[in-house]
file entry12.csv (CSV, C-alpha atoms)
chain,number,residue,atom,x,y,z
A,79,MET,CA,160.9,133.2,160.1
A,80,ASN,CA,164.1,132.6,158.3
A,81,ALA,CA,163.3,131.8,154.8
A,82,PRO,CA,166.1,131.3,152.3
A,83,ILE,CA,166.1,133.5,149.2
A,84,GLU,CA,165.5,130.7,146.8
A,85,SER,CA,162.5,129.3,148.7
A,86,LYS,CA,159.0,129.5,147.3
A,87,PRO,CA,156.4,131.5,149.1
A,88,PRO,CA,154.3,129.6,151.6
A,89,ALA,CA,151.1,128.1,150.2
A,90,ASP,CA,148.8,130.4,152.2
A,91,LEU,CA,150.5,133.4,150.7
A,92,LYS,CA,150.2,132.3,147.0
A,93,GLN,CA,146.8,134.0,146.7
A,94,ASN,CA,148.2,137.4,147.6
A,95,PRO,CA,148.9,139.6,144.6
A,96,LEU,CA,152.1,141.0,146.2
A,97,VAL,CA,153.7,137.5,145.9
A,98,ASN,CA,154.6,138.5,142.3
A,99,TYR,CA,156.7,141.3,143.6
A,100,LEU,CA,158.4,138.8,146.0
A,101,LYS,CA,159.2,136.6,143.0
A,102,ILE,CA,160.7,139.6,141.1
A,103,PHE,CA,162.8,140.4,144.2
A,104,GLN,CA,164.1,136.8,144.4
A,105,ASN,CA,164.9,136.7,140.7
A,106,GLN,CA,166.8,140.0,140.9
A,107,HIS,CA,168.7,138.7,143.8
A,108,LYS,CA,169.7,135.6,141.9
A,109,VAL,CA,170.9,137.7,138.9
A,110,ILE,CA,172.9,140.1,141.1
A,111,SER,CA,174.5,137.2,143.1
A,112,VAL,CA,175.5,135.3,139.9
A,113,LEU,CA,177.0,138.5,138.3
A,114,TYR,CA,178.8,139.5,141.5
A,115,LYS,CA,180.3,136.0,142.0
A,116,GLY,CA,181.3,135.9,138.3
A,117,LEU,CA,183.0,139.3,138.5
A,118,ILE,CA,184.8,138.2,141.8
A,119,VAL,CA,186.0,135.0,140.2
A,120,SER,CA,187.2,136.8,137.1
A,121,PHE,CA,189.0,139.4,139.1
A,122,SER,CA,190.6,136.8,141.3
A,123,GLY,CA,191.9,135.0,138.2
A,124,PHE,CA,193.4,138.3,137.1
A,125,ILE,CA,195.0,138.9,140.5
A,126,LEU,CA,196.4,135.3,140.5
A,127,LEU,CA,198.0,136.0,137.1
A,128,LEU,CA,199.4,139.3,138.3
A,129,SER,CA,200.8,137.6,141.4
A,130,PHE,CA,202.7,135.1,139.3
A,131,LEU,CA,204.0,137.9,137.2
A,132,ILE,CA,205.1,139.8,140.3
A,133,ILE,CA,206.9,136.7,141.7
A,134,THR,CA,208.8,136.3,138.4
A,135,VAL,CA,209.7,140.0,138.5
A,136,PHE,CA,211.3,139.5,142.0
A,137,ASP,CA,214.0,137.5,140.4
A,138,SER,CA,214.7,140.1,137.7
A,139,GLN,CA,217.6,142.5,138.1
A,140,LEU,CA,216.0,145.0,135.7
A,141,ILE,CA,213.4,146.4,138.2
A,142,PRO,CA,214.6,148.3,141.2
A,143,PHE,CA,213.8,147.2,144.7
A,144,TRP,CA,211.2,149.9,145.2
A,145,GLY,CA,209.4,148.8,142.0
A,146,LYS,CA,209.2,145.3,143.4
A,147,VAL,CA,207.8,146.6,146.7
A,148,ALA,CA,205.2,148.7,144.8
A,149,LEU,CA,204.1,145.7,142.8
A,150,GLY,CA,203.8,143.6,145.9
A,151,VAL,CA,201.8,146.4,147.7
A,152,ILE,CA,199.5,146.6,144.6
A,153,ASP,CA,199.0,142.8,144.6
A,154,LEU,CA,198.3,142.8,148.3
A,155,MET,CA,195.7,145.6,147.9
A,156,LEU,CA,194.0,143.7,145.0
A,157,ILE,CA,193.8,140.6,147.2
A,158,LEU,CA,192.3,142.7,150.0
A,159,GLY,CA,189.8,144.1,147.5
A,160,VAL,CA,188.7,140.6,146.6
A,161,ALA,CA,188.3,139.7,150.3
A,162,LYS,CA,186.3,142.9,150.7
A,163,ALA,CA,184.1,141.9,147.7
A,164,PHE,CA,183.4,138.5,149.2
A,165,TYR,CA,182.5,140.2,152.5
A,166,GLU,CA,180.2,142.7,150.7
A,167,LEU,CA,178.6,139.8,148.8
A,168,SER,CA,177.8,137.9,152.1
A,169,ARG,CA,176.5,141.2,153.6
A,170,TYR,CA,174.3,141.7,150.5
A,171,LYS,CA,172.9,138.1,151.0
A,172,ARG,CA,172.2,138.7,154.6
A,173,LYS,CA,170.4,142.0,153.8
A,174,SER,CA,168.4,140.3,151.0
A,175,VAL,CA,167.3,137.6,153.5
A,176,SER,CA,166.3,140.3,156.0
A,177,VAL,CA,164.2,142.1,153.3
A,178,LEU,CA,162.7,138.8,152.2
A,179,ASN,CA,161.7,138.0,155.8
A,180,GLN,CA,160.2,141.5,156.2
A,181,VAL,CA,158.2,140.9,153.0
A,182,TYR,CA,157.0,137.5,154.3
A,183,ASN,CA,156.0,139.0,157.6
A,184,TYR,CA,154.1,141.8,155.8
A,185,LEU,CA,152.3,139.3,153.6
A,186,ASN,CA,151.5,137.2,156.6
A,187,ALA,CA,150.1,140.2,158.4
A,188,ASP,CA,148.2,141.2,155.2
A,189,LEU,CA,146.8,137.6,155.0
A,190,ALA,CA,145.7,137.7,158.6
A,191,LYS,CA,143.9,141.0,158.0
A,192,PHE,CA,142.3,139.5,154.9
A,193,GLU,CA,141.2,136.5,156.9
A,194,LYS,CA,139.7,138.7,159.6
A,195,ILE,CA,137.8,140.8,157.0
A,196,LYS,CA,136.7,137.6,155.3
A,197,SER,CA,135.3,136.1,158.6
A,198,GLU,CA,133.6,139.5,159.4
A,199,HIS,CA,132.1,139.5,156.0
A,200,GLU,CA,130.9,135.9,156.5
A,201,ALA,CA,129.3,136.8,159.9
A,202,ILE,CA,127.6,139.8,158.3
A,203,ALA,CA,126.3,137.6,155.5
A,204,GLN,CA,125.0,135.1,158.0
A,205,SER,CA,123.2,137.8,160.0
A,206,HIS,CA,121.8,139.2,156.8
A,207,LYS,CA,120.5,135.8,155.8
A,208,LYS,CA,119.0,135.3,159.3
A,209,LEU,CA,117.3,138.7,158.9
A,210,GLN,CA,116.0,137.8,155.5
A,211,ASN,CA,114.6,134.5,156.9
A,212,LYS,CA,112.9,136.4,159.7
A,213,ILE,CA,111.4,138.9,157.3
A,214,LEU,CA,110.2,136.1,155.1
A,215,SER,CA,108.6,134.3,158.1
A,216,ILE,CA,106.9,137.5,159.2
A,217,SER,CA,105.6,138.2,155.7
A,218,SER,CA,104.5,134.6,155.2
A,219,LYS,CA,102.6,134.8,158.6
A,220,SER,CA,100.9,138.0,157.4
A,221,LYS,CA,100.0,136.3,154.1
A,222,LYS,CA,98.6,133.3,156.0
A,223,HIS,CA,96.2,135.6,157.8
A,224,SER,CA,93.0,133.9,156.9
A,225,VAL,CA,90.0,135.8,155.8
A,226,GLU,CA,86.7,134.2,156.7
A,227,ASN,CA,84.5,133.8,153.7
A,228,TYR,CA,81.6,136.3,153.8
A,229,LYS,CA,78.2,134.6,153.9
A,230,GLY,CA,75.9,137.6,153.7
A,231,TRP,CA,73.4,138.3,150.8
A,232,ASP,CA,75.7,141.1,149.5
A,233,CYS,CA,78.8,139.1,148.8
A,234,GLN,CA,81.3,139.1,145.9
A,235,VAL,CA,84.0,136.6,145.0
A,236,CYS,CA,87.6,137.7,144.4
A,237,PRO,CA,88.5,136.6,140.8
A,238,LYS,CA,92.0,135.9,141.8
A,239,CYS,CA,91.9,133.8,145.1
A,240,HIS,CA,88.1,133.0,145.1
A,241,THR,CA,87.5,134.3,148.5
A,242,SER,CA,83.9,135.5,149.4
A,243,LEU,CA,84.0,139.1,150.4
A,244,GLU,CA,81.5,141.8,151.3
A,245,MET,CA,80.3,143.8,148.3
A,246,LEU,CA,81.8,147.1,149.6
A,247,VAL,CA,85.4,145.8,149.9
A,248,GLU,CA,87.5,147.3,147.1
A,249,THR,CA,90.7,145.3,147.7
A,250,CYS,CA,90.9,141.6,148.6
A,251,PRO,CA,92.6,141.3,152.0
A,252,GLN,CA,93.9,137.8,151.1
A,253,CYS,CA,95.7,138.5,147.8
A,254,HIS,CA,95.5,142.3,147.6
A,255,HIS,CA,93.7,142.1,144.3
A,256,SER,CA,91.8,145.3,143.3
A,257,LEU,CA,88.1,144.6,143.2
A,258,ALA,CA,87.0,148.0,141.8
A,259,LYS,CA,84.1,147.4,139.5
A,260,THR,CA,83.1,149.6,136.6
A,261,PHE,CA,79.4,150.0,136.2
A,262,THR,CA,77.9,150.3,132.8
A,263,ASN,CA,74.6,152.0,132.1
call {"tool": "encode", "arguments": {"input": "entry12.csv", "output": "structure tokens"}}
result
Amino acid sequence: MNAPIESKPPADLKQNPLVNYLKIFQNQHKVISVLYKGLIVSFSGFILLLSFLIITVFDSQLIPFWGKVALGVIDLMLILGVAKAFYELSRYKRKSVSVLNQVYNYLNADLAKFEKIKSEHEAIAQSHKKLQNKILSISSKSKKHSVENYKGWDCQVCPKCHTSLEMLVETCPQCHHSLAKTFTN
């Protein structure tokens, strides 16, 4: 995945909190590149000015030959320094792209792990919901267990669900209401 430094993160990575670090990295790279280019251009202008001065000195009889050679060698070294600076800038850009690609790959892997966890969580939630439905159906079946109305001479009526029950029953089997009676003298 070769993503340029100035590119925006892919849409699927925007939810990842680490994308903010990626943006900081990109902004730092832009600042460093602009400063480095500016310094190289400024230094190149200085070398150009120095080169013109050295060329004019070659015509002068006041400076000995070895002085002219030393100025020429210094000018050549400065030009090689600028070439080396351009090489280092391009190396820096390649390294930044490599780091950015590593970050993209890490975030993609992180996103893949997150999606896997999310799908596992969803599967667990679905199985939990199925289990709850099963429990509800079992409990509703037990609640639907019908109690036949008692028709004997010793019956009592549950005040809550109005089911006829035997007088000795203390808890209604239909609604589980307590039928305990207090006797007064």
call {"tool": "closest_atom_pairs", "arguments": {"input": "entry12.csv", "of": "segment 121-226 of chain A", "to": "segment 96-101 of chain A", "cutoff": "8 Å", "atoms": "all atoms listed in the file", "output": "tab-separated table"}}
result
residue	atom	partner	partner_atom	distance
A:Leu178	CA	A:Leu100	CA	7.5
A:Val181	CA	A:Leu100	CA	7.3
A:Leu185	CA	A:Leu96	CA	7.6
call {"tool": "atom_distance", "arguments": {"input": "entry12.csv", "atom1": "atom CA of Ser174 of chain A", "atom2": "atom CA of Asn105 of chain A"}}
result
11.5 Å
call {"tool": "residues_near_point", "arguments": {"input": "entry12.csv", "point": "(82.5, 146.2, 149.5)", "cutoff": "9 Å", "atoms": "all atoms listed in the file", "output": "list of chain:residue names"}}
result
A:Asp232, A:Cys233, A:Gln234, A:Leu243, A:Glu244, A:Met245, A:Leu246, A:Val247, A:Glu248, A:Thr249, A:Leu257
call {"tool": "residues_near_point", "arguments": {"input": "entry12.csv", "point": "(195.0, 138.1, 140.2)", "cutoff": "12 Å", "atoms": "all atoms listed in the file", "output": "number ranges by chain"}}
result
A: 118-132, 150, 152-160
call {"tool": "atom_distance", "arguments": {"input": "entry12.csv", "atom1": "atom CA of Gly145 of chain A", "atom2": "atom CA of Ala163 of chain A"}}
result
26.8 Å
call {"tool": "residues_around", "arguments": {"input": "entry12.csv", "residues": "His255 of chain A", "least_positions_apart": "5", "cutoff": "8 Å", "atoms": "all atoms listed in the file", "output": "MDAnalysis selection string"}}
result
chainID A and resid 236 238 249:250
call {"tool": "atom_distance", "arguments": {"input": "entry12.csv", "atom1": "atom CA of Thr134 of chain A", "atom2": "atom CA of Val151 of chain A"}}
result
15.4 Å
call {"tool": "closest_residue", "arguments": {"input": "entry12.csv", "among": "A:Trp231, A:Tyr170, A:Tyr182, A:Phe192", "to": "Ile110 of chain A", "atoms": "all atoms listed in the file"}}
result
A:Tyr170
call {"tool": "closest_residue", "arguments": {"input": "entry12.csv", "among": "A:Lys171, A:Phe164, A:Phe143, A:Ala203", "to": "Lys108 of chain A", "atoms": "all atoms listed in the file"}}
result
A:Lys171
call {"tool": "closest_residue", "arguments": {"input": "entry12.csv", "among": "A:His254, A:Lys146, A:His107, A:His206", "to": "Lys173 of chain A", "atoms": "only C-alpha atoms"}}
result
A:His107
call {"tool": "closest_residue", "arguments": {"input": "entry12.csv", "among": "A:Cys239, A:Val109, A:Val177, A:Ile202", "to": "Ser256 of chain A", "atoms": "all atoms listed in the file"}}
result
A:Cys239
